[in-house]
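Below is one structure, written out as structure tokens; comments come after it.
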Amino acid sequence: MLEPIVVKLGGAIFEDETALKNLCQALAQVQQRPLALVHGGGVIVESLLARLGLISEKIDGLRVTPHTQIDFIAGALAGTANKKLTAAILTQGRAAVGLCLGDGGLCQVTQMDAKLGAVGSCHPGDPDLLTCLLEQHYLPVISSIGIGSDGQLYNVNADQAALAIGQMLQGPMVLLSDVPGVLDAQGKLINELSTSQAQQLISQGVINGGMAVKVKAALDAAKTLQQPVILAGWKDAQALSRLLSGEPFGTRIIA
Ligand SMILES: Nc1ncnc2c1ncn2[C@@H]1O[C@H](COP(=O)(O)OP(=O)(O)O)[C@@H](O)[C@H]1O
Ligand SMILES: CC(=O)N[C@@H](CCC(=O)OP(=O)(O)O)C(=O)O
């Protein structure tokens with residue numbers, strides 16, 4: 001089997017029906033090589049928590065997850081987001097299978113930091129389930145809810161979850177977000193970003209919040225995979241065909 005491509009899809013796409021349909025159509029059409037999809041869903045989490053009258057805050061791009069909220073957050077990510085995305089791909093005629101990081105022991109998850117509550121750090125675990133699905137031409141759709149060795153559910157940042165899946169599958173990675181890639185202080189797309197340039201832009205605050213988490217995960221992935229990781233926008237319906245043809249697009253993160 002060719003190394004699978006790992007695509008991470010940022011959750012804001014759930015608010016753009018047309019982009020979601022176009023992207024799922026493009027994903028469903030990829031026949032050249034196996035594909036695994038990791039997704040976020042921060043917007044779905046926020047809308048549920050707001051409806052429940054709960055306040056949510058982030059520290060350095062990571063959502064503080066009180067233990068009293070993890071059931072709701074798991075419902076939003078492993079439930080609503082995961083099943084909506086699986087449904088959108090199934091509708092395009094491709095056999096998608098919805099999973100979370102804990103299924104089949106895919107990833108090992110531990111509590112990251114007590115001050116963040118039920119937020120998990122994620123590491124590659126047992127690849128067997130994923131390998132079986134990919135060999136049988138299923139498209140795995142993986143949410144970023146993890147299960148710890150303590151049996152608890154953890155909320156993992158979806159870019160960090162994608163990093164663990166990428167390290168497990170050792171294939172090319174593309175992280176698709178609501179922006180066309182990493183933007184400089186003038187709002188212009190940066191075509192290529194190295195570790196030192198990224199560190200400088202993060203310390204200057206030009207790269208911040210969720211993008212800082214994403215860039216750090218991409219740098220780690222580029223280092224372990226020994227190949228650039230692409231950060232690009234899901235609004236670009238051609239993103240996947242560009243990736244497959246090797247055409248440059250988005251921001252290439254090089255370690
Ligand atoms: N330098 C930057 N370039 C692009 N986006 C940035 C930058 N710094 C911060 N951001 C913010 O990061 C967001 C993308 O990160 P995030 O919301 O975590 O995406 P996703 O949900 O797709 O993982 C952008 O919408 C933008 O608001
Ligand atoms: C710990 C943490 O921050 N978890 C994220 C998981 C979802 C996510 O990362 O979604 P996006 O990719 O859409 O941002 C959250 O609760 O929002």
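Chain identifiers are assigned as A, B, and so on, following the order in which chains appear in the structure tokens; residues are numbered from 1 within each chain, and ligands are numbered from 1 in order of appearance.
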**Message:** Please identify the strand (DSSP E or B) residues within region 15-251 of chain A (assignment by DSSP from backbone atoms) and present them as a VMD selection string.
**Reply:** chain A and resid 35 to 39 58 to 59 62 to 63 65 96 to 100 107 to 111 117 119 to 124 139 to 143 145 to 148 153 to 155 173 to 177 183 189 192 to 193 229 to 233 251
Write to file, as a compact mmCIF listing (two decimals), in the first residue's frame, the residues of the selection just made, with N, CA and C atoms.
# COMPACT_ATOMS: atom_id res chain seq x y z
N LEU A 35 -6.29 7.57 1.88
CA LEU A 35 -6.48 8.88 2.49
C LEU A 35 -7.08 8.70 3.88
N ALA A 36 -6.53 9.41 4.86
CA ALA A 36 -7.15 9.43 6.19
C ALA A 36 -7.45 10.88 6.53
N LEU A 37 -8.63 11.10 7.08
CA LEU A 37 -9.07 12.46 7.38
C LEU A 37 -9.16 12.63 8.90
N VAL A 38 -8.53 13.70 9.40
CA VAL A 38 -8.66 14.08 10.81
C VAL A 38 -9.38 15.42 10.80
N HIS A 39 -10.36 15.61 11.71
CA HIS A 39 -11.10 16.86 11.65
C HIS A 39 -11.21 17.54 13.01
N LYS A 58 -9.83 29.83 25.78
CA LYS A 58 -8.66 29.12 25.26
C LYS A 58 -7.40 29.71 25.87
N ILE A 59 -6.42 28.85 26.11
CA ILE A 59 -5.10 29.32 26.55
C ILE A 59 -4.11 28.87 25.49
N LEU A 62 -5.46 26.49 22.95
CA LEU A 62 -6.07 25.23 23.41
C LEU A 62 -7.27 25.51 24.30
N ARG A 63 -8.37 24.78 24.05
CA ARG A 63 -9.60 25.05 24.81
C ARG A 63 -9.51 24.47 26.23
N THR A 65 -10.87 22.75 29.13
CA THR A 65 -11.97 21.77 29.10
C THR A 65 -12.26 21.27 30.52
N ALA A 96 -16.98 6.07 3.95
CA ALA A 96 -16.28 6.70 5.06
C ALA A 96 -16.65 6.00 6.36
N VAL A 97 -15.69 5.95 7.30
CA VAL A 97 -15.93 5.33 8.61
C VAL A 97 -15.53 6.32 9.70
N GLY A 98 -16.47 6.68 10.54
CA GLY A 98 -16.19 7.66 11.59
C GLY A 98 -15.57 7.02 12.83
N LEU A 99 -14.47 7.61 13.29
CA LEU A 99 -13.73 7.07 14.44
C LEU A 99 -13.33 8.20 15.39
N CYS A 100 -12.87 7.82 16.59
CA CYS A 100 -12.18 8.80 17.43
C CYS A 100 -10.78 8.26 17.69
N CYS A 107 -4.53 5.96 19.17
CA CYS A 107 -3.60 6.92 19.76
C CYS A 107 -3.61 6.79 21.28
N GLN A 108 -2.43 7.07 21.86
CA GLN A 108 -2.34 7.10 23.32
C GLN A 108 -2.50 8.53 23.77
N VAL A 109 -3.41 8.73 24.70
CA VAL A 109 -3.70 10.10 25.13
C VAL A 109 -3.54 10.20 26.64
N THR A 110 -2.84 11.28 27.07
CA THR A 110 -2.68 11.53 28.51
C THR A 110 -3.05 12.98 28.80
N GLN A 111 -3.37 13.27 30.04
CA GLN A 111 -3.74 14.64 30.38
C GLN A 111 -2.52 15.55 30.16
N GLY A 117 -7.65 21.15 32.33
CA GLY A 117 -8.72 20.17 32.57
C GLY A 117 -8.53 18.94 31.70
N VAL A 119 -7.90 18.15 28.75
CA VAL A 119 -7.23 18.30 27.44
C VAL A 119 -6.12 17.26 27.38
N GLY A 120 -6.04 16.56 26.24
CA GLY A 120 -5.08 15.48 26.12
C GLY A 120 -3.90 15.79 25.22
N SER A 121 -2.75 15.17 25.55
CA SER A 121 -1.61 15.10 24.63
C SER A 121 -1.73 13.77 23.92
N CYS A 122 -1.36 13.75 22.65
CA CYS A 122 -1.68 12.59 21.82
C CYS A 122 -0.42 12.01 21.17
N HIS A 123 -0.28 10.70 21.23
CA HIS A 123 0.88 10.02 20.60
C HIS A 123 0.38 8.83 19.79
N PRO A 124 1.14 8.46 18.75
CA PRO A 124 0.70 7.31 17.95
C PRO A 124 0.58 6.07 18.81
N LEU A 139 -12.51 5.16 3.88
CA LEU A 139 -11.91 6.46 4.20
C LEU A 139 -12.17 6.76 5.69
N PRO A 140 -11.13 6.61 6.54
CA PRO A 140 -11.34 6.88 7.96
C PRO A 140 -11.50 8.37 8.22
N VAL A 141 -12.49 8.71 9.04
CA VAL A 141 -12.78 10.11 9.40
C VAL A 141 -12.60 10.17 10.92
N ILE A 142 -11.53 10.82 11.36
CA ILE A 142 -11.12 10.69 12.77
C ILE A 142 -11.33 12.00 13.53
N SER A 143 -12.13 11.93 14.59
CA SER A 143 -12.32 13.13 15.43
C SER A 143 -11.20 13.18 16.47
N ILE A 145 -11.26 13.38 19.70
CA ILE A 145 -11.55 12.94 21.07
C ILE A 145 -10.73 11.67 21.35
N GLY A 146 -9.97 11.72 22.45
CA GLY A 146 -9.12 10.59 22.80
C GLY A 146 -9.62 9.89 24.05
N ILE A 147 -9.10 8.67 24.26
CA ILE A 147 -9.42 7.90 25.47
C ILE A 147 -8.10 7.62 26.19
N GLY A 148 -8.00 8.05 27.44
CA GLY A 148 -6.77 7.84 28.20
C GLY A 148 -6.69 6.43 28.75
N LEU A 153 -12.33 10.35 28.85
CA LEU A 153 -12.32 11.01 27.54
C LEU A 153 -11.49 12.29 27.63
N TYR A 154 -10.73 12.57 26.57
CA TYR A 154 -9.91 13.78 26.52
C TYR A 154 -10.18 14.55 25.23
N ASN A 155 -10.11 15.87 25.34
CA ASN A 155 -10.25 16.77 24.20
C ASN A 155 -8.85 17.09 23.68
N MET A 173 1.32 15.13 4.59
CA MET A 173 0.25 15.76 5.40
C MET A 173 -0.13 17.11 4.87
N VAL A 174 -1.44 17.38 4.89
CA VAL A 174 -1.92 18.71 4.54
C VAL A 174 -2.96 19.13 5.59
N LEU A 175 -2.78 20.34 6.12
CA LEU A 175 -3.70 20.86 7.13
C LEU A 175 -4.52 21.97 6.48
N LEU A 176 -5.82 21.75 6.35
CA LEU A 176 -6.68 22.71 5.65
C LEU A 176 -7.48 23.53 6.66
N SER A 177 -7.40 24.85 6.49
CA SER A 177 -8.02 25.77 7.43
C SER A 177 -8.88 26.80 6.70
N LEU A 183 -0.15 33.70 7.02
CA LEU A 183 -0.07 35.06 6.48
C LEU A 183 0.98 35.86 7.26
N LEU A 189 0.25 35.86 1.86
CA LEU A 189 0.54 34.44 2.05
C LEU A 189 2.05 34.18 2.04
N GLU A 192 6.75 29.63 2.05
CA GLU A 192 7.56 28.61 2.72
C GLU A 192 8.00 29.13 4.08
N LEU A 193 7.99 28.26 5.08
CA LEU A 193 8.30 28.68 6.45
C LEU A 193 9.20 27.63 7.11
N VAL A 229 5.27 19.86 5.21
CA VAL A 229 3.84 19.72 5.49
C VAL A 229 3.17 20.97 4.93
N ILE A 230 2.03 20.78 4.28
CA ILE A 230 1.35 21.92 3.64
C ILE A 230 0.23 22.44 4.53
N LEU A 231 0.21 23.76 4.71
CA LEU A 231 -0.92 24.44 5.37
C LEU A 231 -1.64 25.22 4.29
N ALA A 232 -2.91 24.91 4.08
CA ALA A 232 -3.63 25.59 2.99
C ALA A 232 -5.08 25.78 3.40
N GLY A 233 -5.88 26.32 2.45
CA GLY A 233 -7.26 26.66 2.78
C GLY A 233 -8.24 25.66 2.20
N THR A 251 1.10 27.22 2.32
CA THR A 251 2.41 27.44 2.94
C THR A 251 3.09 26.08 3.15
Would you list the contacts of Asn22 (chain A) as a compact mmCIF listing (two decimals) with C-alpha atoms, in the first residue's frame, taking every protein, DNA or RNA residue within 10 Å and counting only C-alpha atoms, but skipping same-chain residues closer than 6 positions in sequence?
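Listed below is the output, selection.txt:
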# COMPACT_ATOMS: atom_id res chain seq x y z
CA ALA A 28 -14.41 11.05 -2.37
CA ALA A 88 -21.16 14.28 3.71
CA GLN A 92 -20.56 11.53 -2.36
CA TRP A 234 -10.30 24.41 2.43
CA LYS A 235 -11.94 27.17 0.35
CA ASP A 236 -9.62 26.10 -2.48
CA ALA A 237 -11.58 23.22 -4.05
CA GLN A 238 -8.45 22.26 -6.03
**Request:** May I have the residues within 10 Å of ligand 1, computed using only C-alpha atoms and all ligand atoms, as a ChimeraX atom specification?
**Result:** /A:8-13,39-43,61-62,157-160,175-190,198,201-202,205-215,231-234,251
**Prompt:** So, counting only C-alpha atoms, which residue among A:Ala239, A:Ala218, A:Leu244, A:Ala76 is closest to Ala19 (chain A)?
**Reply:**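 Between A:Ala239, A:Ala218, A:Leu244, A:Ala76, the residue approaching Ala19 (chain A) most closely is A:Ala239.
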Any idea what's packed within 9 Å of Leu49 (chain A), counting only C-alpha atoms, ignoring anything in its chain fewer than 5 positions away? Could you give it as a tab-separated table (two decimals) with N, CA and C atoms, in the first residue's frame?
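Final output, around.tsv:
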chain	number	residue	atom	x	y	z
A	44	ILE	N	-18.41	24.02	16.34
A	44	ILE	CA	-19.56	23.24	16.81
A	44	ILE	C	-19.55	23.15	18.34
A	54	LEU	N	-22.81	27.95	28.71
A	54	LEU	CA	-21.48	27.74	29.30
A	54	LEU	C	-20.44	28.62	28.60
A	55	ILE	N	-19.51	29.13	29.39
A	55	ILE	CA	-18.46	30.00	28.83
A	55	ILE	C	-17.24	29.13	28.55
A	56	SER	N	-16.59	29.40	27.40
A	56	SER	CA	-15.42	28.61	27.04
A	56	SER	C	-14.25	29.54	26.79
A	69	GLN	N	-17.42	19.57	31.45
A	69	GLN	CA	-17.84	19.89	30.06
A	69	GLN	C	-17.40	18.84	29.03
A	72	PHE	N	-20.08	17.08	26.89
A	72	PHE	CA	-20.68	17.91	25.84
A	72	PHE	C	-19.71	18.07	24.66
A	73	ILE	N	-18.43	18.29	25.01
A	73	ILE	CA	-17.42	18.53	23.96
A	73	ILE	C	-17.20	17.25	23.14
**Message:** According to DSSP computed on the backbone, where in region 118-242 of chain A is there helix (DSSP H, G or I)? Give the residues as a PyMOL selection string.
**Reply:** chain A and resi 128-135+158-169+195-203+209-225+239-242
**Prompt:** Which residue out of A:Leu133, A:Ile70, A:Leu101, A:Ala255 has the minimum interatomic distance to Ala161 (chain A) when only C-alpha atoms are used?
**Reply:**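 Checking each candidate against Ala161 (chain A), we get A:Leu101 as the closest.
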**Message:** To one decimal place in Å, what is the distance between CA of Leu163 (chain A) and CA of Ala50 (chain A)?
**Reply:** 29.1 Å
**Request:** Find the spatial neighbours of Ser194 (chain A), counting only C-alpha atoms, within a cut-off of 9 Å - ignore same-chain residues fewer than 6 positions away - and output them as JSON, numbers by chain.
**Result:** {"A": [219, 252, 253, 254, 255]}
Contacts of Gln136 (chain A) at 10 Å (only C-alpha atoms; same-chain gap of 6+ positions) as a PDB file with N, CA and C atoms, in the first residue's frame:
ATOM      1  N   PRO A  34      -4.405   5.912  -0.709  1.00  0.00           N
ATOM      2  CA  PRO A  34      -5.286   5.936   0.462  1.00  0.00           C
ATOM      3  C   PRO A  34      -5.241   7.280   1.177  1.00  0.00           C
ATOM      4  N   ALA A  95     -17.024   5.174   0.877  1.00  0.00           N
ATOM      5  CA  ALA A  95     -17.311   4.489   2.145  1.00  0.00           C
ATOM      6  C   ALA A  95     -16.449   5.061   3.268  1.00  0.00           C
ATOM      7  N   LEU A 130      -6.505   1.246  11.558  1.00  0.00           N
ATOM      8  CA  LEU A 130      -6.420   2.194  10.449  1.00  0.00           C
ATOM      9  C   LEU A 130      -5.880   1.505   9.187  1.00  0.00           C
TER      10      LEU A 130
END
**Message:** Using Å and a single decimal, report how far CA of Arg33 (chain A) sits from CA of Glu17 (chain A).
**Reply:** 26.2 Å
